[in-house]
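J.: Pasting entry38.tsv here (TSV, C-alpha atoms):
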```tsv
chain	number	residue	atom	x	y	z
A	1391	MET	CA	110.95	132.27	92.46
A	1392	ARG	CA	109.30	131.29	89.17
A	1393	THR	CA	110.49	127.71	88.85
A	1394	VAL	CA	111.19	125.58	91.91
A	1395	ARG	CA	114.44	123.65	91.37
A	1396	ILE	CA	114.17	120.27	93.09
A	1397	GLY	CA	116.72	117.63	94.02
A	1398	PHE	CA	115.00	114.28	94.49
A	1399	VAL	CA	116.37	111.64	96.86
A	1400	GLY	CA	114.70	108.32	96.14
A	1401	ALA	CA	113.56	106.51	92.99
A	1402	GLY	CA	111.41	103.78	94.52
A	1403	SER	CA	108.00	102.50	93.46
A	1404	HIS	CA	105.90	104.97	95.48
A	1405	ALA	CA	107.86	107.99	94.30
A	1406	ASN	CA	107.50	106.80	90.71
A	1407	ARG	CA	103.81	106.09	91.07
A	1408	VAL	CA	102.78	109.47	92.48
A	1409	HIS	CA	105.44	112.13	93.08
A	1410	TYR	CA	107.46	112.12	89.86
A	1411	PRO	CA	104.33	112.22	87.66
A	1412	ALA	CA	102.83	114.99	89.80
A	1413	LEU	CA	105.93	117.18	89.61
A	1414	SER	CA	106.47	116.51	85.92
A	1415	SER	CA	102.98	117.90	85.22
A	1416	MET	CA	103.84	121.31	86.74
A	1417	LYS	CA	105.54	124.00	84.71
A	1418	GLU	CA	106.52	125.75	87.97
A	1419	ALA	CA	108.56	122.78	89.21
A	1420	GLU	CA	111.65	121.13	87.76
A	1421	VAL	CA	113.44	118.06	89.08
A	1422	VAL	CA	116.97	119.01	88.13
A	1423	ALA	CA	118.81	116.20	89.93
A	1424	ILE	CA	118.05	112.75	91.25
A	1425	CYS	CA	119.80	110.47	93.74
A	1426	ASP	CA	119.39	106.79	94.55
A	1427	ILE	CA	121.85	104.10	95.65
A	1428	ASN	CA	120.14	101.58	93.36
A	1429	GLY	CA	121.71	102.20	89.96
A	1430	GLU	CA	118.99	100.46	87.98
A	1431	ARG	CA	116.18	102.44	89.62
A	1432	LEU	CA	118.16	105.65	89.30
A	1433	ARG	CA	118.76	105.12	85.60
A	1434	ALA	CA	115.19	104.06	84.81
A	1435	THR	CA	113.58	106.98	86.65
A	1436	ALA	CA	116.01	109.59	85.34
A	1437	ASP	CA	115.57	108.35	81.77
A	1438	LYS	CA	111.77	108.34	82.05
A	1439	TYR	CA	111.60	111.93	83.27
A	1440	GLY	CA	114.57	113.32	81.38
A	1441	ILE	CA	116.65	114.14	84.46
A	1442	LYS	CA	120.27	114.58	83.41
A	1443	ARG	CA	121.97	115.13	86.78
A	1444	ARG	CA	122.28	111.76	88.55
A	1445	TYR	CA	123.90	110.85	91.85
A	1446	SER	CA	124.39	107.86	94.13
A	1447	ASP	CA	125.49	110.10	97.03
A	1448	TYR	CA	122.99	112.74	98.17
A	1449	LYS	CA	125.73	114.86	99.79
A	1450	LYS	CA	127.44	115.23	96.44
A	1451	MET	CA	124.13	116.29	94.94
A	1452	LEU	CA	123.62	118.93	97.65
A	1453	ASP	CA	127.14	120.24	97.14
A	1454	ALA	CA	127.00	120.36	93.35
A	1455	GLU	CA	123.48	121.54	92.58
A	1456	ASP	CA	121.74	124.90	92.92
A	1457	LEU	CA	118.47	123.77	94.51
A	1458	ASP	CA	115.44	125.38	96.09
A	1459	ALA	CA	113.99	122.23	97.60
A	1460	ALA	CA	114.65	118.57	98.26
A	1461	TYR	CA	112.25	115.65	98.11
A	1462	VAL	CA	113.36	112.84	100.41
A	1463	ILE	CA	111.11	109.88	99.68
A	1464	MET	CA	112.26	106.78	101.53
A	1465	PRO	CA	111.36	104.64	104.55
A	1466	PRO	CA	110.97	106.72	107.74
A	1467	HIS	CA	113.82	105.07	109.64
A	1468	GLN	CA	116.27	106.08	106.91
A	1469	LEU	CA	115.42	109.71	106.26
A	1470	TYR	CA	116.34	111.69	109.40
A	1471	ASP	CA	120.01	112.49	108.73
A	1472	ILE	CA	119.35	113.23	105.06
A	1473	VAL	CA	116.54	115.66	105.92
A	1474	VAL	CA	118.66	117.42	108.56
A	1475	ASP	CA	121.48	117.85	106.03
A	1476	CYS	CA	119.04	119.36	103.53
A	1477	LEU	CA	117.62	121.75	106.13
A	1478	LYS	CA	121.09	122.82	107.24
A	1479	ASP	CA	121.79	123.62	103.60
A	1480	GLY	CA	118.77	125.94	103.66
A	1481	LEU	CA	116.57	123.79	101.42
A	1482	SER	CA	112.84	123.42	101.76
A	1483	VAL	CA	111.97	119.75	102.23
A	1484	PHE	CA	109.09	117.46	101.25
A	1485	ILE	CA	108.86	113.99	102.82
A	1486	GLU	CA	106.38	111.14	102.99
A	1487	LYS	CA	104.58	110.12	106.16
A	1488	PRO	CA	105.44	109.42	108.90
A	1489	PRO	CA	107.80	112.31	109.68
A	1490	GLY	CA	110.29	110.09	111.49
A	1491	VAL	CA	109.95	107.06	113.70
A	1492	ASN	CA	108.78	108.99	116.77
A	1493	SER	CA	107.82	112.42	118.11
A	1494	THR	CA	111.38	113.20	119.14
A	1495	GLN	CA	112.58	112.98	115.55
A	1496	THR	CA	109.64	115.01	114.28
A	1497	ASN	CA	110.12	117.75	116.86
A	1498	SER	CA	113.82	117.88	116.03
A	1499	LEU	CA	113.12	118.21	112.31
A	1500	ALA	CA	110.68	121.02	113.05
A	1501	TRP	CA	113.38	122.72	115.13
A	1502	TYR	CA	115.93	122.52	112.29
A	1503	ALA	CA	113.35	123.83	109.82
A	1504	GLU	CA	112.59	126.85	111.99
A	1505	LYS	CA	116.25	127.54	112.73
A	1506	HIS	CA	117.20	127.53	109.05
A	1507	ARG	CA	113.96	129.19	107.89
A	1508	CYS	CA	112.97	126.35	105.59
A	1509	LYS	CA	109.52	125.46	104.31
A	1510	THR	CA	108.62	121.83	105.00
A	1511	MET	CA	105.80	119.44	104.20
A	1512	VAL	CA	104.74	115.91	105.14
A	1513	ALA	CA	102.70	114.04	102.53
A	1514	PHE	CA	99.49	113.40	104.45
A	1515	ASN	CA	97.62	112.94	101.19
A	1516	ARG	CA	94.17	112.20	102.68
A	1517	ARG	CA	93.79	115.93	103.43
A	1518	PHE	CA	94.39	116.71	99.77
A	1519	ILE	CA	92.10	114.17	98.11
A	1520	PRO	CA	89.76	116.33	95.99
A	1521	LEU	CA	86.68	114.41	97.18
A	1522	MET	CA	87.67	114.94	100.84
A	1523	ARG	CA	88.21	118.68	100.30
A	1524	LYS	CA	84.89	119.05	98.51
A	1525	CYS	CA	82.93	117.17	101.19
A	1526	LYS	CA	84.50	119.15	104.02
A	1527	GLU	CA	83.67	122.40	102.24
A	1528	VAL	CA	80.03	121.40	101.71
A	1529	VAL	CA	79.54	120.14	105.28
A	1530	GLU	CA	81.09	123.27	106.78
A	1531	MET	CA	78.75	125.49	104.75
A	1532	LYS	CA	76.10	124.39	107.27
A	1533	GLY	CA	78.35	125.06	110.26
A	1534	PRO	CA	81.43	123.72	112.00
A	1535	ILE	CA	82.05	119.98	112.07
A	1536	THR	CA	80.73	118.57	115.35
A	1537	GLN	CA	81.52	114.90	114.83
A	1538	CYS	CA	83.84	113.00	112.50
A	1539	VAL	CA	85.07	109.46	111.94
A	1540	SER	CA	88.34	108.27	110.44
A	1541	ALA	CA	88.44	104.52	109.77
A	1542	PHE	CA	91.16	102.40	108.19
A	1543	TYR	CA	91.06	98.63	107.85
A	1544	LYS	CA	93.51	96.22	106.25
A	1545	ASN	CA	94.39	92.54	106.21
A	1546	VAL	CA	98.13	92.41	106.92
A	1547	GLN	CA	99.46	89.13	108.23
A	1548	SER	CA	103.18	88.42	108.31
A	1549	GLU	CA	105.59	86.40	110.40
A	1550	GLU	CA	107.94	89.40	110.52
A	1551	PRO	CA	107.24	92.52	112.59
A	1552	PRO	CA	105.67	95.38	110.63
A	1553	TYR	CA	106.74	97.88	109.25
A	1554	TYR	CA	110.17	97.67	107.62
A	1555	ARG	CA	110.97	94.53	109.66
A	1556	GLY	CA	109.78	96.23	112.84
A	1557	ALA	CA	111.58	99.55	112.45
A	1558	VAL	CA	108.30	101.47	112.78
A	1559	ASP	CA	105.06	100.44	114.49
A	1560	THR	CA	101.79	100.09	112.58
A	1561	LEU	CA	100.06	103.12	114.08
A	1562	THR	CA	102.97	105.47	113.39
A	1563	SER	CA	103.79	104.10	109.95
A	1564	ASP	CA	100.37	103.66	108.33
A	1565	VAL	CA	97.34	104.16	110.59
A	1566	ILE	CA	98.72	107.68	111.06
A	1567	HIS	CA	96.74	108.57	107.93
A	1568	THR	CA	93.56	108.27	109.99
A	1569	VAL	CA	95.08	110.25	112.86
A	1570	ASP	CA	96.07	113.18	110.70
A	1571	ALA	CA	92.81	113.15	108.73
A	1572	LEU	CA	90.87	113.30	112.01
A	1573	ARG	CA	92.83	116.36	113.15
A	1574	TRP	CA	92.19	118.02	109.80
A	1575	MET	CA	88.45	117.30	109.85
A	1576	ALA	CA	87.89	118.30	113.48
A	1577	GLY	CA	90.09	121.38	113.61
A	1578	GLY	CA	91.40	122.81	116.85
A	1579	ASP	CA	93.78	121.19	119.30
A	1580	VAL	CA	93.33	117.91	121.14
A	1581	LYS	CA	91.70	118.17	124.59
A	1582	GLU	CA	91.28	114.54	125.61
A	1583	VAL	CA	91.95	111.06	124.27
A	1584	ARG	CA	90.40	107.78	125.31
A	1585	SER	CA	91.67	104.77	123.42
A	1586	SER	CA	91.98	101.04	123.02
A	1587	VAL	CA	95.18	99.58	121.56
A	1588	ARG	CA	95.12	95.83	121.01
A	1589	ARG	CA	96.97	92.86	119.57
A	1590	LEU	CA	94.61	90.79	117.44
A	1591	TYR	CA	95.98	87.36	116.45
A	1592	SER	CA	99.44	88.91	116.55
A	1593	ASP	CA	102.46	89.57	118.75
A	1594	TYR	CA	102.30	93.24	117.69
A	1595	TYR	CA	99.75	95.99	118.15
A	1596	ASN	CA	97.51	96.01	115.11
A	1597	SER	CA	94.19	97.51	116.21
A	1598	PHE	CA	93.79	101.13	117.30
A	1599	ASN	CA	90.54	102.76	118.37
A	1600	ALA	CA	90.11	106.16	120.01
A	1601	MET	CA	87.63	108.87	120.90
A	1602	VAL	CA	89.22	112.32	120.69
A	1603	THR	CA	87.72	115.61	121.84
A	1604	PHE	CA	88.99	118.86	120.33
A	1605	THR	CA	89.06	122.50	121.42
A	1606	SER	CA	86.91	123.23	118.36
A	1607	GLY	CA	84.04	121.40	120.04
A	1608	ALA	CA	84.22	118.43	117.68
A	1609	VAL	CA	84.41	114.82	118.79
A	1610	GLY	CA	86.33	112.45	116.55
A	1611	PHE	CA	86.60	108.68	116.35
A	1612	ILE	CA	89.49	106.60	115.04
A	1613	MET	CA	88.82	102.98	114.13
A	1614	SER	CA	91.41	100.61	112.69
A	1615	ASN	CA	92.02	96.88	112.49
A	1616	TRP	CA	94.85	95.26	110.52
A	1617	VAL	CA	93.26	91.77	110.46
A	1618	ALA	CA	89.98	92.83	108.85
A	1619	GLY	CA	88.46	91.45	105.65
A	1620	SER	CA	90.21	93.81	103.25
A	1621	ARG	CA	91.58	97.32	102.79
A	1622	VAL	CA	88.88	99.91	103.48
A	1623	ASN	CA	89.59	103.59	104.24
A	1624	SER	CA	86.51	105.68	104.99
A	1625	PHE	CA	85.55	108.95	106.64
A	1626	GLU	CA	82.52	110.72	108.07
A	1627	MET	CA	81.96	114.44	108.63
A	1628	HIS	CA	78.87	115.85	110.37
A	1629	SER	CA	77.69	119.39	111.01
A	1630	ARG	CA	74.25	120.82	111.76
A	1631	GLY	CA	72.09	119.61	108.88
A	1632	ALA	CA	74.85	118.06	106.79
A	1633	SER	CA	76.61	114.70	106.74
A	1634	ALA	CA	79.21	113.24	104.40
A	1635	PHE	CA	80.10	109.55	104.21
A	1636	VAL	CA	83.28	109.31	102.16
A	1637	ASN	CA	85.09	106.43	100.48
A	1638	PRO	CA	87.96	108.15	98.63
A	1639	ASP	CA	88.43	105.13	96.38
A	1640	ASP	CA	84.90	105.43	95.03
A	1641	LYS	CA	82.39	108.08	96.08
A	1642	ALA	CA	80.81	110.14	98.84
A	1643	LEU	CA	77.21	110.19	100.02
A	1644	MET	CA	76.18	113.70	101.01
A	1645	PHE	CA	73.03	114.13	103.12
A	1646	THR	CA	71.63	117.62	103.81
A	1647	ASP	CA	68.52	119.12	105.42
A	1648	ASN	CA	66.92	115.79	106.29
A	1649	LYS	CA	66.47	114.78	102.65
A	1650	PRO	CA	66.14	110.99	102.42
A	1651	GLU	CA	68.18	110.62	99.25
A	1652	PRO	CA	71.85	111.60	99.25
A	1653	GLU	CA	73.78	113.50	96.66
A	1654	ILE	CA	76.37	111.11	95.25
A	1655	ILE	CA	79.78	112.58	94.38
A	1656	SER	CA	82.23	110.39	92.51
A	1657	THR	CA	85.86	110.57	93.56
A	1658	PHE	CA	86.73	110.92	89.87
A	1659	ASP	CA	84.26	113.75	89.28
A	1660	ALA	CA	85.67	115.60	92.29
A	1661	ALA	CA	89.10	115.30	90.64
A	1662	GLY	CA	87.92	116.90	87.41
A	1663	GLY	CA	87.11	113.57	85.80
A	1664	SER	CA	90.62	112.15	86.14
A	1665	ARG	CA	91.10	108.45	86.74
A	1666	GLU	CA	94.81	108.80	87.35
A	1667	PHE	CA	95.54	107.53	90.85
A	1668	TYR	CA	98.02	110.29	91.66
A	1669	VAL	CA	95.36	112.87	90.74
A	1670	TYR	CA	92.18	111.57	92.38
A	1671	TYR	CA	93.95	110.33	95.54
A	1672	GLY	CA	95.42	113.69	96.46
A	1673	PHE	CA	99.07	113.35	95.46
A	1674	LEU	CA	98.93	115.93	92.69
A	1675	ALA	CA	97.17	118.39	95.00
A	1676	GLU	CA	99.67	117.95	97.84
A	1677	ASN	CA	102.62	118.45	95.49
A	1678	ARG	CA	100.89	121.45	93.95
A	1679	HIS	CA	100.36	122.87	97.45
A	1680	PHE	CA	104.03	122.51	98.35
A	1681	VAL	CA	105.27	124.14	95.16
A	1682	ASP	CA	102.75	126.98	95.48
A	1683	CYS	CA	103.80	127.60	99.08
A	1684	LEU	CA	107.43	127.93	98.02
A	1685	ILE	CA	106.57	130.34	95.22
A	1686	GLU	CA	104.23	132.41	97.42
A	1687	ASP	CA	106.45	132.24	100.53
A	1688	ARG	CA	103.88	130.71	102.87
A	1689	GLU	CA	103.91	127.79	105.27
A	1690	PRO	CA	102.58	124.47	103.93
A	1691	GLU	CA	99.51	123.09	105.65
A	1692	THR	CA	101.26	119.90	106.77
A	1693	SER	CA	104.59	121.39	107.84
A	1694	PHE	CA	106.91	119.56	110.21
A	1695	LYS	CA	105.55	121.78	112.98
A	1696	ASP	CA	101.98	120.69	112.24
A	1697	ALA	CA	103.03	117.07	111.76
A	1698	ALA	CA	104.46	117.13	115.30
A	1699	LYS	CA	100.87	117.59	116.53
A	1700	THR	CA	99.77	114.48	114.63
A	1701	MET	CA	102.67	112.53	116.14
A	1702	LYS	CA	101.71	113.79	119.59
A	1703	LEU	CA	98.21	112.42	119.08
A	1704	VAL	CA	99.74	109.07	118.07
A	1705	ASP	CA	101.61	109.09	121.38
A	1706	SER	CA	98.41	109.94	123.26
A	1707	ILE	CA	96.54	107.02	121.68
A	1708	TYR	CA	99.16	104.66	123.10
A	1709	ALA	CA	99.39	106.43	126.45
A	1710	ASN	CA	95.65	106.52	127.11
A	1711	SER	CA	94.77	102.97	126.11
A	1712	THR	CA	92.52	101.12	128.56
A	1713	GLU	CA	93.63	97.69	127.28
```
Would you write the structure of this file as structure tokens?

T.:
Amino acid sequence: MRTVRIGFVGAGSHANRVHYPALSSMKEAEVVAICDINGERLRATADKYGIKRRYSDYKKMLDAEDLDAAYVIMPPHQLYDIVVDCLKDGLSVFIEKPPGVNSTQTNSLAWYAEKHRCKTMVAFNRRFIPLMRKCKEVVEMKGPITQCVSAFYKNVQSEEPPYYRGAVDTLTSDVIHTVDALRWMAGGDVKEVRSSVRRLYSDYYNSFNAMVTFTSGAVGFIMSNWVAGSRVNSFEMHSRGASAFVNPDDKALMFTDNKPEPEIISTFDAAGGSREFYVYYGFLAENRHFVDCLIEDREPETSFKDAAKTMKLVDSIYANSTE
């Protein structure tokens, strides 16, 4: 396979901000067909990226086109049947997080992928942020990560239930970024979870804190609060003699060998100097990873099977709450 032929379901704002530009920059990938029920969005996106084959019905696209893979980029409560149809057609599939509204859906998608021998990937972009990859590599040069922190704060106040009018809970829909990043940093499988899940000034759970121990020997901490001062997403990684304090929107402070002054690594420098959001925030790298995996016939890092482990940890955070 020299060029991956892609059918794209979805022409919304997020897909246009990160996934279409990422794919259009790769000579090994070609979006040959696009589908969206919104005619205006469909036309605007297809015109911008020169996509001639346009559909309002994804089943017609699957029937008519010779595809290697499908991108299904839409809200999680709307994607399950579409993804199953793509997998049953033998297509590799790329989706955004979360991989369904619950673990049952994720496990089922992983089952279909294995049955039909399809490559799959969930867009957990924090793993693929160049600054995050660089910091993890530097810290692990001193030894395995022994302690890590994944923190995500926002100020989200609405009279309606989040997210998608209550279709998906906050932890599963968005805080899951911190859950998956913690698994990636710590390595190994989860041994034990102790957590606190709370409602702060809300009728819905909006604060999630947990201490997670892993078979790798690492201990990880999740901290989130959706009524904080502003959006802040930060990470810590510690090994013997090395510590990284990472803000992917700005920079990382890297401390090694008890030196009082840190090495400062800009998120833009880690991304080769790019100030394009889809580049420095990991979206180009995750798309590149998926395309490379299809060409090289290997399993993507964040396959549906792996994503099921992240969803299981989400379940454990709820199940083990002391609140």

J.: Report as a list in words all protein, DNA and RNA residues lying within 7 Å of stretch 1544-1558 of chain A, evaluated on all atoms listed in the file, omitting residues in the same chain fewer than 6 positions from it.

T.: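 Within the cut-off, the hits are His1467, Val1491, Asn1615, Trp1616, Val1617, Ala1618, Gly1619, Ser1620, Arg1621 and Val1622 of chain A.
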
J.: Using all atoms listed in the file, which of the listed residues (A:Glu1676, A:Glu1527, A:Glu1686, A:Asp1705) sits closest to A:Arg1584?

T.: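 Under the stated criterion, the closest residue is A:Asp1705.
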
J.: Would you mind listing what lies within 12 Å of A:Leu1452 as a PyMOL selection string, with all atoms listed in the file counted and same-chain residues fewer than 2 positions away left out?

T.: chain A and resi 1396-1399+1422-1425+1443-1450+1454-1461+1472-1473+1475-1481

J.: Write out as a PyMOL selection string which residues come within 7 Å of A:Thr1435 when counting all atoms listed in the file, dropping same-chain ones fewer than 4 positions away.

T.: chain A and resi 1401+1431+1439

J.: Have a look at atom CA of A:Ala1661 and atom CA of A:Leu1643 and let me know their distance in Å, one decimal.

T.: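 Atom-to-atom, atom CA of A:Ala1661 to atom CA of A:Leu1643, that is 16.0 Å.
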
J.: Using all atoms listed in the file, determine which residues lie at most 12 Å from A:Ile1685, disregarding the query and same-chain residues fewer than 6 positions distant; provide the list as a PyMOL selection string.

T.: chain A and resi 1391-1395+1418-1419+1458-1459+1482+1509+1678-1679

J.: Between atom CA of A:Val1529 and atom CA of A:Val1583, what is the distance, to one decimal in Å?

T.: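 So the answer is 24.4 Å.
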
J.: Using only C-alpha atoms, which of the listed residues (A:Ser1415, A:Thr1568, A:Ser1498, A:Ser1706) sits closest to A:Phe1542?

T.: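 Answer, going by the shortest atom-to-atom distance: A:Thr1568.
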
J.: Just give me the gap between atom CA of A:Tyr1708 and atom CA of A:Pro1534 in Å, one decimal is fine.

T.: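 Distance between the two atoms: 28.3 Å.
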
J.: Name all residues at most 12 Å from A:Tyr1470 (count all atoms listed in the file; drop same-chain ones fewer than 5 positions away) and give them as a ChimeraX atom specification.

T.: /A:1462-1465,1475-1477,1483,1485-1486,1488-1492,1494-1500,1502

J.: Return the padded bounding box of stretch 1430-1435 of chain A as JSON: axis-aligned, built from all atoms listed in the file, 6 Å added on each side, with centre and edge lengths in Å to one decimal.

T.:
```
{"center_x": 116.3, "center_y": 103.7, "center_z": 87.2, "size_x": 17.4, "size_y": 18.5, "size_z": 16.8}
```

J.: I'd like to know which of A:Ala1660, A:Ala1541, A:Leu1432, A:Ala1405 is closest to A:Gly1672, using all atoms listed in the file.

T.: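 The shortest atom-to-atom distance to A:Gly1672 comes from A:Ala1660.
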
J.: Could you check the closest approach to A:Pro1638 for each of A:Tyr1594, A:Tyr1670, A:Tyr1410, A:Phe1611 and tell me which residue wins, using all atoms listed in the file?

T.: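 Going through A:Tyr1594, A:Tyr1670, A:Tyr1410, A:Phe1611 one by one, the smallest distance to A:Pro1638 is for A:Tyr1670.
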
J.: Which is closer to A:Glu1666 than all the others in A:Val1609, A:Val1704, A:Met1644, A:Val1408, using only C-alpha atoms?

T.: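 That would be A:Val1408, the residue with the smallest distance to A:Glu1666.
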
J.: Select, counting all atoms listed in the file, all protein, DNA and RNA residues no farther than 12 Å from (104.0, 112.4, 85.6) in file coordinates, and express the selection as a ChimeraX atom specification.

T.: /A:1405-1417,1419-1421,1435,1438-1440,1666-1669,1673-1674,1677

J.: Counting all atoms listed in the file, which residues have an atom no more than 12 Å from (100.1, 106.2, 113.5) in the file's coordinates? Please list them as a PyMOL selection string.

T.: chain A and resi 1487-1493+1514+1542+1553+1558-1572+1587+1595-1600+1612-1614+1697-1708
